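One structure is given below, encoded as structure tokens.
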Amino acid sequence: MFSAARLRATALRLLLASLALSPLAGLGGCGLVAMTGKAIATIPGDFNALGTHSAAARAMERNDVDAAIGLLAGTRYTGDRREVKGGPTWGQIYWRAATLVAQAHEGGRAIDDAVLLSAYRILARGADLAESVRYLALARPLVARQYGEKSPQVLELALDDRAIMLEYFRAGGVLNLRGTDLRVSLSGMLDAPGKRTSVPLAYDPALLAAFPLRLSSADRELFFELNRLSLLPRAQWDDPAALKRMMATEEYLWWLDGPRSSGHLYWQLSRAVNEMSTAPMICAARAAGFDVRPGINYGAEEITPPACLSR
């Protein structure tokens, strides 16, 4: 991904392709001056912009932890975001930086909380659901230290789409992407029980809506507290039977749709389902043994483990 030879070759091609460098090239602060046949063209900033990308890529290739910290802290490689064609994307560079920072911290290096939290948040967006949830758990004490253990920011981690889908699959949930509707909405939830629609849902609506059952006791209490649940006495918030009865009601589905500190939950659930429709997510979920039935958008090599894992 970060081959030095490839990066050097790509940068050289960008600078020299169709260009004959003039003796005026390299004047400090004046940009790159190049001969393009009949006229001399000045390309201010392009060389520096591409140099920022190349420098960041080379630093990550060298496993430069200080550079990775600077990148995540926003103190290094802050120039133009254009990318050298053929090199790693900025997304890949940030992913590598986050990996280096997390590994350095695990090895005993002291890392600033803000930088470490950035690293964990990036790594929590990977395709492996269990690994994503592991990084969300590592992020939790950092968020709690900044905002408080009973804050909406802590709850956001518990309600992350990766966490919701991991527990949905572990509870036996199926995701069928073959000609189905991936949207999660109040109307879809209300219409689903006992009704046949022209386009079936990709998910089990009752199982997905019952996600609070699969939260820890502390997170479920925080979720109900911040969202002012009044449909069930507090003494029954840890009673599985009482929770299931409540979640089978239309009142509960309407309650999920209300404007609360947890945000728009149906939008969040919809995002959780939709993100699972990408090839890397399908591949990783199937590799973990989860029941994901892909549509016709991808070739078998993209979504069939173990071969898809090496792509």
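Residues are named by chain letter and number: chains run A, B, ... in the order of the structure tokens, numbers start at 1 in each chain, and ligands are numbered from 1 in the order shown.
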Contacts of stretch 83-135 of chain A with stretch 63-75 of chain A up to 10 Å, shortest pair per row, only C-alpha atoms, as CSV:
```
residue,atom,partner,partner_atom,distance
A:Ile93,CA,A:Ala68,CA,9.0
A:Tyr94,CA,A:Leu72,CA,7.5
A:Trp95,CA,A:Ala68,CA,9.7
A:Arg96,CA,A:Ala68,CA,8.0
A:Ala97,CA,A:Ala68,CA,4.5
A:Ala98,CA,A:Ala68,CA,7.1
A:Thr99,CA,A:Ala68,CA,8.9
A:Leu100,CA,A:Val65,CA,5.9
A:Val101,CA,A:Val65,CA,6.3
A:Ala102,CA,A:Val65,CA,9.7
A:Gln103,CA,A:Val65,CA,9.3
A:Ala104,CA,A:Val65,CA,7.3
A:Ile111,CA,A:Ile69,CA,8.2
A:Asp112,CA,A:Ile69,CA,8.9
A:Ala114,CA,A:Ala73,CA,7.6
A:Val115,CA,A:Ala73,CA,5.6
A:Leu116,CA,A:Leu72,CA,8.5
A:Leu117,CA,A:Leu72,CA,9.6
A:Ser118,CA,A:Leu72,CA,6.6
A:Ala119,CA,A:Leu72,CA,7.3
A:Ile122,CA,A:Leu72,CA,10.0
```
Q. Got a sec to tell me which of stretch 142-193 of chain A DSSP assigns to strand (DSSP E or B), as an NGL selection string?
A. :A and (174-176 or 181)
Based on the selection just made, write all heavy atoms of those residues as a PDB file, in the first residue's frame.
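The result, stored in result-v3.pdb:
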```
ATOM      1  N   VAL A 174     -30.715 -11.734  10.736  1.00  0.00           N
ATOM      2  CA  VAL A 174     -30.342 -11.979   9.344  1.00  0.00           C
ATOM      3  C   VAL A 174     -30.423 -10.669   8.587  1.00  0.00           C
ATOM      4  O   VAL A 174     -31.292  -9.832   8.864  1.00  0.00           O
ATOM      5  CB  VAL A 174     -31.291 -13.020   8.697  1.00  0.00           C
ATOM      6  CG1 VAL A 174     -30.994 -13.191   7.213  1.00  0.00           C
ATOM      7  CG2 VAL A 174     -31.181 -14.350   9.428  1.00  0.00           C
ATOM      8  N   LEU A 175     -29.530 -10.472   7.635  1.00  0.00           N
ATOM      9  CA  LEU A 175     -29.598  -9.301   6.763  1.00  0.00           C
ATOM     10  C   LEU A 175     -29.659  -9.797   5.327  1.00  0.00           C
ATOM     11  O   LEU A 175     -28.704 -10.377   4.809  1.00  0.00           O
ATOM     12  CB  LEU A 175     -28.375  -8.402   6.968  1.00  0.00           C
ATOM     13  CG  LEU A 175     -28.435  -7.038   6.269  1.00  0.00           C
ATOM     14  CD1 LEU A 175     -29.589  -6.203   6.806  1.00  0.00           C
ATOM     15  CD2 LEU A 175     -27.122  -6.280   6.452  1.00  0.00           C
ATOM     16  N   ASN A 176     -30.806  -9.572   4.692  1.00  0.00           N
ATOM     17  CA  ASN A 176     -31.025 -10.039   3.322  1.00  0.00           C
ATOM     18  C   ASN A 176     -30.991  -8.845   2.385  1.00  0.00           C
ATOM     19  O   ASN A 176     -31.883  -7.998   2.407  1.00  0.00           O
ATOM     20  CB  ASN A 176     -32.373 -10.754   3.221  1.00  0.00           C
ATOM     21  CG  ASN A 176     -32.641 -11.277   1.822  1.00  0.00           C
ATOM     22  OD1 ASN A 176     -31.760 -11.270   0.955  1.00  0.00           O
ATOM     23  ND2 ASN A 176     -33.851 -11.723   1.582  1.00  0.00           N
ATOM     24  N   ASP A 181     -35.686  -3.708   1.015  1.00  0.00           N
ATOM     25  CA  ASP A 181     -35.661  -2.310   1.435  1.00  0.00           C
ATOM     26  C   ASP A 181     -34.768  -2.190   2.663  1.00  0.00           C
ATOM     27  O   ASP A 181     -35.039  -2.790   3.705  1.00  0.00           O
ATOM     28  CB  ASP A 181     -37.079  -1.849   1.764  1.00  0.00           C
ATOM     29  CG  ASP A 181     -37.163  -0.348   2.019  1.00  0.00           C
ATOM     30  OD1 ASP A 181     -36.101   0.308   2.096  1.00  0.00           O
ATOM     31  OD2 ASP A 181     -38.291   0.155   2.151  1.00  0.00           O
TER      32      ASP A 181
END
```
Q: Rank nothing, just name the residue among A:Val273, A:Leu232, A:Leu186, A:Leu215 nearest to A:Asp257, using only C-alpha atoms.
A: A:Leu186
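Among the candidate residues A:Ala171, A:Gly179, A:His53, A:Ser185, the one lying nearest to A:His264 is A:Ser185, with distances computed using only C-alpha atoms.
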Q. Taking the backbone alone, and naming residues the way the document does, which bits of stretch 85-161 of chain A are alpha helix (DSSP H) by DSSP, as a PyMOL selection string?
A. chain A and resi 90-106+113-123+129-147+152-158+161
Would you give me, as a Markdown table, each residue of stretch 200-222 of chain A having an atom within 12 Å of an atom of stretch 132-150 of chain A, along with its shortest atom pair and that distance in Å to one decimal, using only C-alpha atoms and sorting by chain and residue number?
```
| residue | atom | partner | partner_atom | distance |
| --- | --- | --- | --- | --- |
| A:Ala218 | CA | A:Lys150 | CA | 9.3 |
| A:Asp219 | CA | A:Lys150 | CA | 8.9 |
| A:Arg220 | CA | A:Lys150 | CA | 11.3 |
| A:Glu221 | CA | A:Lys150 | CA | 9.6 |
| A:Leu222 | CA | A:Lys150 | CA | 6.4 |
```
Q: Write out as a PyMOL selection string the residues lying within 12 Å of A:Pro240, counting only C-alpha atoms and excluding same-chain residues fewer than 2 positions away.
A: chain A and resi 210+212-215+217+220+232+235-238+242-247
Using only C-alpha atoms, please write the residues we just selected to a file, as an mmCIF file, in the first residue's frame.
```cif
data_model
loop_
_atom_site.group_PDB
_atom_site.id
_atom_site.type_symbol
_atom_site.label_atom_id
_atom_site.label_comp_id
_atom_site.auth_asym_id
_atom_site.auth_seq_id
_atom_site.Cartn_x
_atom_site.Cartn_y
_atom_site.Cartn_z
ATOM 1 C CA ALA A 210 -35.272 -4.414 20.423
ATOM 2 C CA PRO A 212 -31.982 -1.877 24.116
ATOM 3 C CA LEU A 213 -32.355 -5.482 25.293
ATOM 4 C CA ARG A 214 -28.813 -6.106 24.104
ATOM 5 C CA LEU A 215 -27.262 -3.070 25.788
ATOM 6 C CA SER A 217 -27.576 -2.682 32.137
ATOM 7 C CA ARG A 220 -29.720 0.740 28.899
ATOM 8 C CA LEU A 232 -42.058 1.231 31.730
ATOM 9 C CA ALA A 235 -37.828 -0.955 38.475
ATOM 10 C CA GLN A 236 -38.510 -3.032 35.338
ATOM 11 C CA TRP A 237 -35.748 -1.620 33.124
ATOM 12 C CA ASP A 238 -33.710 -4.782 33.717
ATOM 13 C CA ALA A 242 -41.277 -6.551 30.759
ATOM 14 C CA LEU A 243 -38.920 -5.022 28.207
ATOM 15 C CA LYS A 244 -40.093 -7.411 25.481
ATOM 16 C CA ARG A 245 -43.745 -6.610 26.205
ATOM 17 C CA MET A 246 -43.026 -2.888 25.967
ATOM 18 C CA MET A 247 -41.034 -3.263 22.744
#
```
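Using only C-alpha atoms, the residues found no farther than 9 Å from A:Glu301, other than those of its own chain fewer than 5 positions away, are A:Ala307, A:Cys308, A:Arg311.
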